[in-house]
file work29.json (JSON, C-alpha atoms)
[["chain", "number", "residue", "atom", "x", "y", "z"],
["A", 251, "MET", "CA", 18.82, 16.41, -4.06],
["A", 252, "THR", "CA", 20.25, 14.96, -7.28],
["A", 253, "ASP", "CA", 23.93, 15.66, -6.76],
["A", 254, "THR", "CA", 25.22, 12.11, -6.18],
["A", 255, "PRO", "CA", 25.75, 9.42, -8.81],
["A", 256, "VAL", "CA", 23.20, 7.12, -7.16],
["A", 257, "ALA", "CA", 20.62, 9.95, -7.04],
["A", 258, "GLN", "CA", 21.18, 10.56, -10.75],
["A", 259, "LEU", "CA", 20.78, 6.83, -11.39],
["A", 260, "VAL", "CA", 17.49, 6.71, -9.46],
["A", 261, "LEU", "CA", 16.21, 9.86, -11.18],
["A", 262, "GLY", "CA", 16.98, 8.40, -14.59],
["A", 263, "LYS", "CA", 15.02, 5.24, -13.81],
["A", 264, "LEU", "CA", 11.85, 6.88, -12.42],
["A", 265, "ARG", "CA", 8.55, 6.78, -14.24],
["A", 266, "GLU", "CA", 5.82, 9.28, -13.32],
["A", 267, "ILE", "CA", 2.22, 8.04, -13.37],
["A", 268, "PRO", "CA", -0.42, 10.79, -13.06],
["A", 269, "ASP", "CA", -3.65, 10.20, -11.14],
["A", 270, "PHE", "CA", -2.52, 6.98, -9.44],
["A", 271, "PRO", "CA", -3.78, 5.59, -7.11],
["A", 272, "GLU", "CA", -6.40, 8.33, -7.30],
["A", 273, "PRO", "CA", -6.94, 11.60, -9.18],
["A", 274, "GLY", "CA", -4.49, 14.35, -8.27],
["A", 275, "VAL", "CA", -1.70, 12.05, -7.09],
["A", 276, "LEU", "CA", 1.50, 11.86, -9.16],
["A", 277, "PHE", "CA", 2.93, 8.40, -8.46],
["A", 278, "ARG", "CA", 6.70, 7.95, -8.69],
["A", 279, "ASP", "CA", 7.26, 4.41, -9.99],
["A", 280, "PHE", "CA", 10.69, 2.95, -9.43],
["A", 281, "THR", "CA", 10.03, -0.46, -11.02],
["A", 282, "PRO", "CA", 12.18, 0.47, -14.05],
["A", 283, "LEU", "CA", 15.09, 0.74, -11.60],
["A", 284, "LEU", "CA", 14.32, -2.73, -10.27],
["A", 285, "ALA", "CA", 14.29, -4.14, -13.81],
["A", 286, "ASP", "CA", 17.84, -2.91, -14.46],
["A", 287, "GLY", "CA", 20.20, -5.35, -12.72],
["A", 288, "SER", "CA", 23.19, -3.02, -12.54],
["A", 289, "ALA", "CA", 21.08, -0.10, -11.29],
["A", 290, "LEU", "CA", 19.45, -2.30, -8.65],
["A", 291, "ALA", "CA", 22.86, -3.56, -7.52],
["A", 292, "ALA", "CA", 24.22, 0.00, -7.28],
["A", 293, "VAL", "CA", 21.28, 1.12, -5.11],
["A", 294, "VAL", "CA", 21.46, -1.93, -2.83],
["A", 295, "ASP", "CA", 25.23, -1.65, -2.46],
["A", 296, "ASP", "CA", 25.00, 2.08, -1.68],
["A", 297, "ILE", "CA", 22.52, 1.44, 1.12],
["A", 298, "ALA", "CA", 24.35, -1.61, 2.46],
["A", 299, "ASP", "CA", 27.70, 0.21, 2.56],
["A", 300, "ARG", "CA", 26.21, 2.94, 4.79],
["A", 301, "TYR", "CA", 24.77, 0.52, 7.36],
["A", 302, "ARG", "CA", 27.34, -2.30, 7.40],
["A", 303, "GLY", "CA", 28.04, -3.29, 11.02],
["A", 304, "ARG", "CA", 25.44, -0.82, 12.35],
["A", 305, "ILE", "CA", 22.24, -2.88, 12.15],
["A", 306, "ASP", "CA", 20.93, -6.30, 13.12],
["A", 307, "ALA", "CA", 17.80, -6.37, 10.92],
["A", 308, "VAL", "CA", 16.11, -4.54, 8.07],
["A", 309, "VAL", "CA", 12.39, -3.81, 8.33],
["A", 310, "GLY", "CA", 10.68, -3.43, 4.96],
["A", 311, "ILE", "CA", 7.32, -1.72, 4.59],
["A", 312, "GLU", "CA", 4.73, -3.38, 2.36],
["A", 313, "ALA", "CA", 4.86, -3.62, -0.51],
["A", 314, "ARG", "CA", 7.64, -1.93, -2.46],
["A", 315, "GLY", "CA", 9.74, -1.52, 0.66],
["A", 316, "PHE", "CA", 10.01, -5.32, 0.80],
["A", 317, "ILE", "CA", 11.99, -5.43, -2.41],
["A", 318, "LEU", "CA", 15.00, -3.32, -1.48],
["A", 319, "ALA", "CA", 14.88, -4.18, 2.22],
["A", 320, "THR", "CA", 15.22, -7.89, 1.48],
["A", 321, "ALA", "CA", 18.13, -7.28, -0.90],
["A", 322, "VAL", "CA", 19.90, -5.03, 1.63],
["A", 323, "ALA", "CA", 19.35, -7.56, 4.44],
["A", 324, "TYR", "CA", 20.75, -10.34, 2.26],
["A", 325, "THR", "CA", 23.78, -8.24, 1.28],
["A", 326, "LEU", "CA", 24.51, -7.42, 4.92],
["A", 327, "GLY", "CA", 23.84, -10.94, 6.21],
["A", 328, "VAL", "CA", 21.13, -9.73, 8.61],
["A", 329, "GLY", "CA", 17.47, -10.62, 8.97],
["A", 330, "PHE", "CA", 14.54, -9.13, 7.10],
["A", 331, "VAL", "CA", 11.30, -8.30, 8.93],
["A", 332, "PRO", "CA", 8.13, -7.43, 7.02],
["A", 333, "VAL", "CA", 5.74, -4.70, 8.13],
["A", 334, "ARG", "CA", 2.44, -5.52, 6.47],
["A", 335, "LYS", "CA", -1.01, -4.13, 5.95],
["A", 336, "GLU", "CA", -3.66, -5.15, 8.46],
["A", 337, "GLY", "CA", -4.70, -8.79, 8.46],
["A", 338, "LYS", "CA", -1.81, -10.18, 6.39],
["A", 339, "LEU", "CA", 0.39, -11.67, 9.14],
["A", 340, "PRO", "CA", -0.53, -15.06, 10.65],
["A", 341, "HIS", "CA", 0.86, -14.70, 14.19],
["A", 342, "ASP", "CA", 0.38, -12.28, 17.12],
["A", 343, "VAL", "CA", 0.94, -8.71, 15.96],
["A", 344, "HIS", "CA", 1.48, -5.16, 17.09],
["A", 345, "ALA", "CA", -0.69, -2.75, 15.06],
["A", 346, "VAL", "CA", -0.53, 0.99, 14.40],
["A", 347, "SER", "CA", -3.15, 3.00, 12.51],
["A", 348, "TYR", "CA", -2.17, 6.23, 10.78],
["A", 349, "THR", "CA", -3.12, 8.75, 8.10],
["A", 350, "LEU", "CA", -1.40, 8.83, 4.73],
["A", 351, "GLU", "CA", -1.57, 11.34, 1.89],
["A", 352, "TYR", "CA", -4.77, 9.89, 0.41],
["A", 353, "GLY", "CA", -6.49, 7.91, 3.19],
["A", 354, "LYS", "CA", -6.00, 5.90, 6.35],
["A", 355, "ALA", "CA", -4.25, 2.59, 6.95],
["A", 356, "THR", "CA", -3.07, 0.15, 9.60],
["A", 357, "LEU", "CA", 0.32, -1.57, 9.64],
["A", 358, "GLU", "CA", 1.24, -4.69, 11.59],
["A", 359, "MET", "CA", 4.39, -6.54, 12.60],
["A", 360, "HIS", "CA", 4.76, -9.82, 14.47],
["A", 361, "THR", "CA", 5.26, -9.24, 18.19],
["A", 362, "ASP", "CA", 8.29, -11.55, 18.25],
["A", 363, "ALA", "CA", 9.87, -10.33, 14.99],
["A", 364, "LEU", "CA", 12.80, -8.52, 16.57],
["A", 365, "GLU", "CA", 13.84, -10.84, 19.37],
["A", 366, "GLY", "CA", 17.63, -10.59, 19.57],
["A", 367, "THR", "CA", 17.84, -7.96, 16.81],
["A", 368, "PRO", "CA", 17.80, -4.59, 18.54],
["A", 369, "ARG", "CA", 19.34, -2.31, 15.86],
["A", 370, "VAL", "CA", 16.97, -1.84, 12.94],
["A", 371, "LEU", "CA", 16.97, -0.07, 9.60],
["A", 372, "VAL", "CA", 13.45, 0.80, 8.39],
["A", 373, "MET", "CA", 13.11, 0.90, 4.58],
["A", 374, "ASP", "CA", 10.49, 2.00, 2.08],
["A", 375, "ASP", "CA", 10.42, 3.23, -1.49],
["A", 376, "VAL", "CA", 8.96, 6.73, -0.97],
["A", 377, "LEU", "CA", 8.73, 9.17, 1.92],
["A", 378, "ALA", "CA", 5.63, 11.29, 1.36],
["A", 379, "THR", "CA", 3.77, 12.56, 4.45],
["A", 380, "GLY", "CA", 5.81, 10.36, 6.81],
["A", 381, "GLY", "CA", 2.84, 8.56, 8.36],
["A", 382, "THR", "CA", 3.76, 5.13, 7.06],
["A", 383, "ALA", "CA", 7.40, 5.39, 8.15],
["A", 384, "ALA", "CA", 6.44, 6.78, 11.57],
["A", 385, "ALA", "CA", 3.98, 3.89, 12.07],
["A", 386, "ALA", "CA", 6.68, 1.37, 11.12],
["A", 387, "CYS", "CA", 9.12, 2.96, 13.59],
["A", 388, "GLU", "CA", 6.50, 2.73, 16.32],
["A", 389, "LEU", "CA", 6.02, -0.97, 15.53],
["A", 390, "VAL", "CA", 9.79, -1.56, 15.74],
["A", 391, "GLU", "CA", 9.92, 0.08, 19.15],
["A", 392, "ARG", "CA", 6.87, -1.83, 20.42],
["A", 393, "ALA", "CA", 8.67, -5.04, 19.44],
["A", 394, "GLY", "CA", 11.77, -4.00, 21.41],
["A", 395, "GLY", "CA", 13.90, -2.72, 18.56],
["A", 396, "GLN", "CA", 15.85, 0.52, 18.18],
["A", 397, "VAL", "CA", 15.44, 2.40, 14.90],
["A", 398, "VAL", "CA", 18.92, 3.28, 13.68],
["A", 399, "ALA", "CA", 17.60, 5.07, 10.60],
["A", 400, "VAL", "CA", 14.81, 5.32, 8.07],
["A", 401, "GLU", "CA", 16.01, 4.81, 4.50],
["A", 402, "VAL", "CA", 13.95, 5.65, 1.41],
["A", 403, "VAL", "CA", 14.71, 5.75, -2.27],
["A", 404, "ILE", "CA", 12.67, 8.89, -2.99],
["A", 405, "GLU", "CA", 11.58, 11.74, -0.72],
["A", 406, "LEU", "CA", 8.78, 14.07, -1.84],
["A", 407, "ALA", "CA", 9.99, 17.20, -0.04],
["A", 408, "ALA", "CA", 6.82, 19.26, -0.60],
["A", 409, "LEU", "CA", 4.83, 16.82, 1.57],
["A", 410, "ASN", "CA", 7.13, 17.41, 4.60],
["A", 411, "GLY", "CA", 7.43, 13.73, 5.48],
["A", 412, "ARG", "CA", 10.39, 14.32, 7.76],
["A", 413, "ALA", "CA", 8.19, 16.21, 10.25],
["A", 414, "PRO", "CA", 6.66, 13.10, 11.89],
["A", 415, "LEU", "CA", 10.18, 11.59, 11.90],
["A", 416, "SER", "CA", 11.95, 14.66, 13.31],
["A", 417, "ALA", "CA", 13.62, 12.73, 16.12],
["A", 418, "ARG", "CA", 14.98, 10.11, 13.71],
["A", 419, "THR", "CA", 17.79, 9.82, 11.20],
["A", 420, "VAL", "CA", 16.22, 9.84, 7.72],
["A", 421, "SER", "CA", 18.14, 9.24, 4.51],
["A", 422, "ALA", "CA", 16.76, 9.61, 0.99],
["A", 423, "MET", "CA", 18.71, 8.71, -2.13],
["A", 424, "LEU", "CA", 16.75, 11.23, -4.18],
["A", 425, "THR", "CA", 14.75, 14.24, -2.96],
["A", 426, "LEU", "CA", 12.20, 15.71, -5.34]]
call {"tool": "encode", "arguments": {"input": "work29.json", "output": "structure tokens"}}
result
Amino acid sequence: MTDTPVAQLVLGKLREIPDFPEPGVLFRDFTPLLADGSALAAVVDDIADRYRGRIDAVVGIEARGFILATAVAYTLGVGFVPVRKEGKLPHDVHAVSYTLEYGKATLEMHTDALEGTPRVLVMDDVLATGGTAAAACELVERAGGQVVAVEVVIELAALNGRAPLSARTVSAMLTL
């Protein structure tokens, strides 16, 4: 989907990197978007406008999901909660292991991260196979939160990442 102004903006700022992080993978790099202050503001404002008054916290998935999730949380005046790779958080954690498009991984979130913040927006940069987002949603629910939606900048439609998230609201700014 490239029919909205923000989708066109995102598309124009993408850089494709072949064979990263391993041969056969075409990586969609959105760091040029982050480097453009007005483009970054437009993306953050677009997301924030859709969730204003509907969420109590934004969960960002390591690592690129942290960037936009923090900006959206700040814009909305709500908390930011990091979901990190295994072994990176210093306190008691919930953990979920899952399969991604080129390997396996484990995500963690502090057990007390969502106390008093039941309505959560989960954010990441790309939705590929859906394993990472589904694991993050499971962590939110284990911590007592309710996933209002999953928000990504780019969805890779051919990888069918919405399938593991079929019971959830998923929004992508740009679908390729």
call {"tool": "closest_residue", "arguments": {"input": "work29.json", "among": "A:Ala385, A:Val372, A:Leu284, A:Leu415", "to": "Ala345 in chain A", "atoms": "all atoms listed in the file"}}
result
A:Ala385
call {"tool": "closest_residue", "arguments": {"input": "work29.json", "among": "A:Ala313, A:Phe277, A:Glu391, A:Thr425", "to": "Val346 in chain A", "atoms": "only C-alpha atoms"}}
result
A:Glu391
call {"tool": "atom_distance", "arguments": {"input": "work29.json", "atom1": "CA of Asp299 in chain A", "atom2": "CA of Gly329 in chain A"}}
result
16.2 Å
call {"tool": "closest_residue", "arguments": {"input": "work29.json", "among": "A:Val322, A:Ile305, A:Leu259, A:Ala386", "to": "Ala355 in chain A", "atoms": "all atoms listed in the file"}}
result
A:Ala386
call {"tool": "closest_atom_pairs", "arguments": {"input": "work29.json", "of": "range 335-377 of chain A", "to": "range 324-328 of chain A", "cutoff": "12 Å", "atoms": "only C-alpha atoms", "output": "Markdown table"}}
result
| residue | atom | partner | partner_atom | distance |
| --- | --- | --- | --- | --- |
| A:Leu364 | CA | A:Val328 | CA | 11.6 |
| A:Gly366 | CA | A:Val328 | CA | 11.5 |
| A:Thr367 | CA | A:Val328 | CA | 9.0 |
| A:Pro368 | CA | A:Val328 | CA | 11.7 |
| A:Arg369 | CA | A:Val328 | CA | 10.5 |
| A:Val370 | CA | A:Val328 | CA | 9.9 |
| A:Leu371 | CA | A:Val328 | CA | 10.6 |
call {"tool": "axis_aligned_box", "arguments": {"input": "work29.json", "around": "range 312-324 of chain A", "padding_each_side": "3 Å", "output": "AutoDock Vina command-line options"}}
result
--center_x 12.7 --center_y -5.9 --center_z 1.0 --size_x 22.0 --size_y 14.8 --size_z 12.9
call {"tool": "residues_around", "arguments": {"input": "work29.json", "residues": "range 265-271 of chain A", "least_positions_apart": "2", "cutoff": "10 Å", "atoms": "all atoms listed in the file", "output": "list in words"}}
result
Leu261, Gly262, Lys263, Pro273, Gly274, Val275, Leu276, Phe277, Arg278, Asp279, Phe280, Thr281, Pro282, Leu283 and Tyr352 of chain A
call {"tool": "build_atoms", "arguments": {"input": "work29.json", "residues": "range 322-337 of chain A", "atoms": "N, CA, C and O atoms", "output": "tab-separated table (two decimals), keeping the file's coordinate frame"}}
result
chain	number	residue	atom	x	y	z
A	322	VAL	N	18.92	-5.63	0.72
A	322	VAL	CA	19.90	-5.03	1.63
A	322	VAL	C	20.19	-5.99	2.79
A	322	VAL	O	21.36	-6.19	3.16
A	323	ALA	N	19.16	-6.59	3.34
A	323	ALA	CA	19.35	-7.56	4.44
A	323	ALA	C	20.23	-8.71	3.97
A	323	ALA	O	21.17	-9.12	4.68
A	324	TYR	N	19.96	-9.24	2.81
A	324	TYR	CA	20.75	-10.34	2.26
A	324	TYR	C	22.22	-9.91	2.08
A	324	TYR	O	23.14	-10.62	2.48
A	325	THR	N	22.42	-8.73	1.51
A	325	THR	CA	23.78	-8.24	1.28
A	325	THR	C	24.55	-8.08	2.58
A	325	THR	O	25.75	-8.37	2.63
A	326	LEU	N	23.86	-7.64	3.63
A	326	LEU	CA	24.51	-7.42	4.92
A	326	LEU	C	24.56	-8.67	5.80
A	326	LEU	O	25.21	-8.67	6.84
A	327	GLY	N	23.86	-9.72	5.41
A	327	GLY	CA	23.84	-10.94	6.21
A	327	GLY	C	23.04	-10.78	7.50
A	327	GLY	O	23.36	-11.40	8.51
A	328	VAL	N	22.00	-9.93	7.45
A	328	VAL	CA	21.13	-9.73	8.61
A	328	VAL	C	19.71	-10.15	8.23
A	328	VAL	O	19.41	-10.39	7.06
A	329	GLY	N	18.84	-10.21	9.22
A	329	GLY	CA	17.47	-10.62	8.97
A	329	GLY	C	16.62	-9.54	8.33
A	329	GLY	O	16.90	-8.35	8.44
A	330	PHE	N	15.56	-10.00	7.68
A	330	PHE	CA	14.54	-9.13	7.10
A	330	PHE	C	13.24	-9.34	7.87
A	330	PHE	O	12.85	-10.47	8.15
A	331	VAL	N	12.57	-8.24	8.23
A	331	VAL	CA	11.30	-8.30	8.93
A	331	VAL	C	10.27	-7.51	8.14
A	331	VAL	O	10.47	-6.32	7.87
A	332	PRO	N	9.15	-8.16	7.76
A	332	PRO	CA	8.13	-7.43	7.02
A	332	PRO	C	7.18	-6.67	7.94
A	332	PRO	O	6.79	-7.16	9.00
A	333	VAL	N	6.84	-5.46	7.53
A	333	VAL	CA	5.74	-4.70	8.13
A	333	VAL	C	4.65	-4.72	7.07
A	333	VAL	O	4.87	-4.26	5.95
A	334	ARG	N	3.48	-5.27	7.46
A	334	ARG	CA	2.44	-5.52	6.47
A	334	ARG	C	1.16	-4.77	6.77
A	334	ARG	O	0.95	-4.30	7.89
A	335	LYS	N	0.31	-4.70	5.78
A	335	LYS	CA	-1.01	-4.13	5.95
A	335	LYS	C	-1.83	-5.03	6.86
A	335	LYS	O	-1.56	-6.24	6.97
A	336	GLU	N	-2.81	-4.46	7.48
A	336	GLU	CA	-3.66	-5.15	8.46
A	336	GLU	C	-4.22	-6.47	7.92
A	336	GLU	O	-4.68	-6.55	6.79
A	337	GLY	N	-4.11	-7.50	8.78
A	337	GLY	CA	-4.70	-8.79	8.46
A	337	GLY	C	-3.88	-9.72	7.59
A	337	GLY	O	-4.34	-10.79	7.21
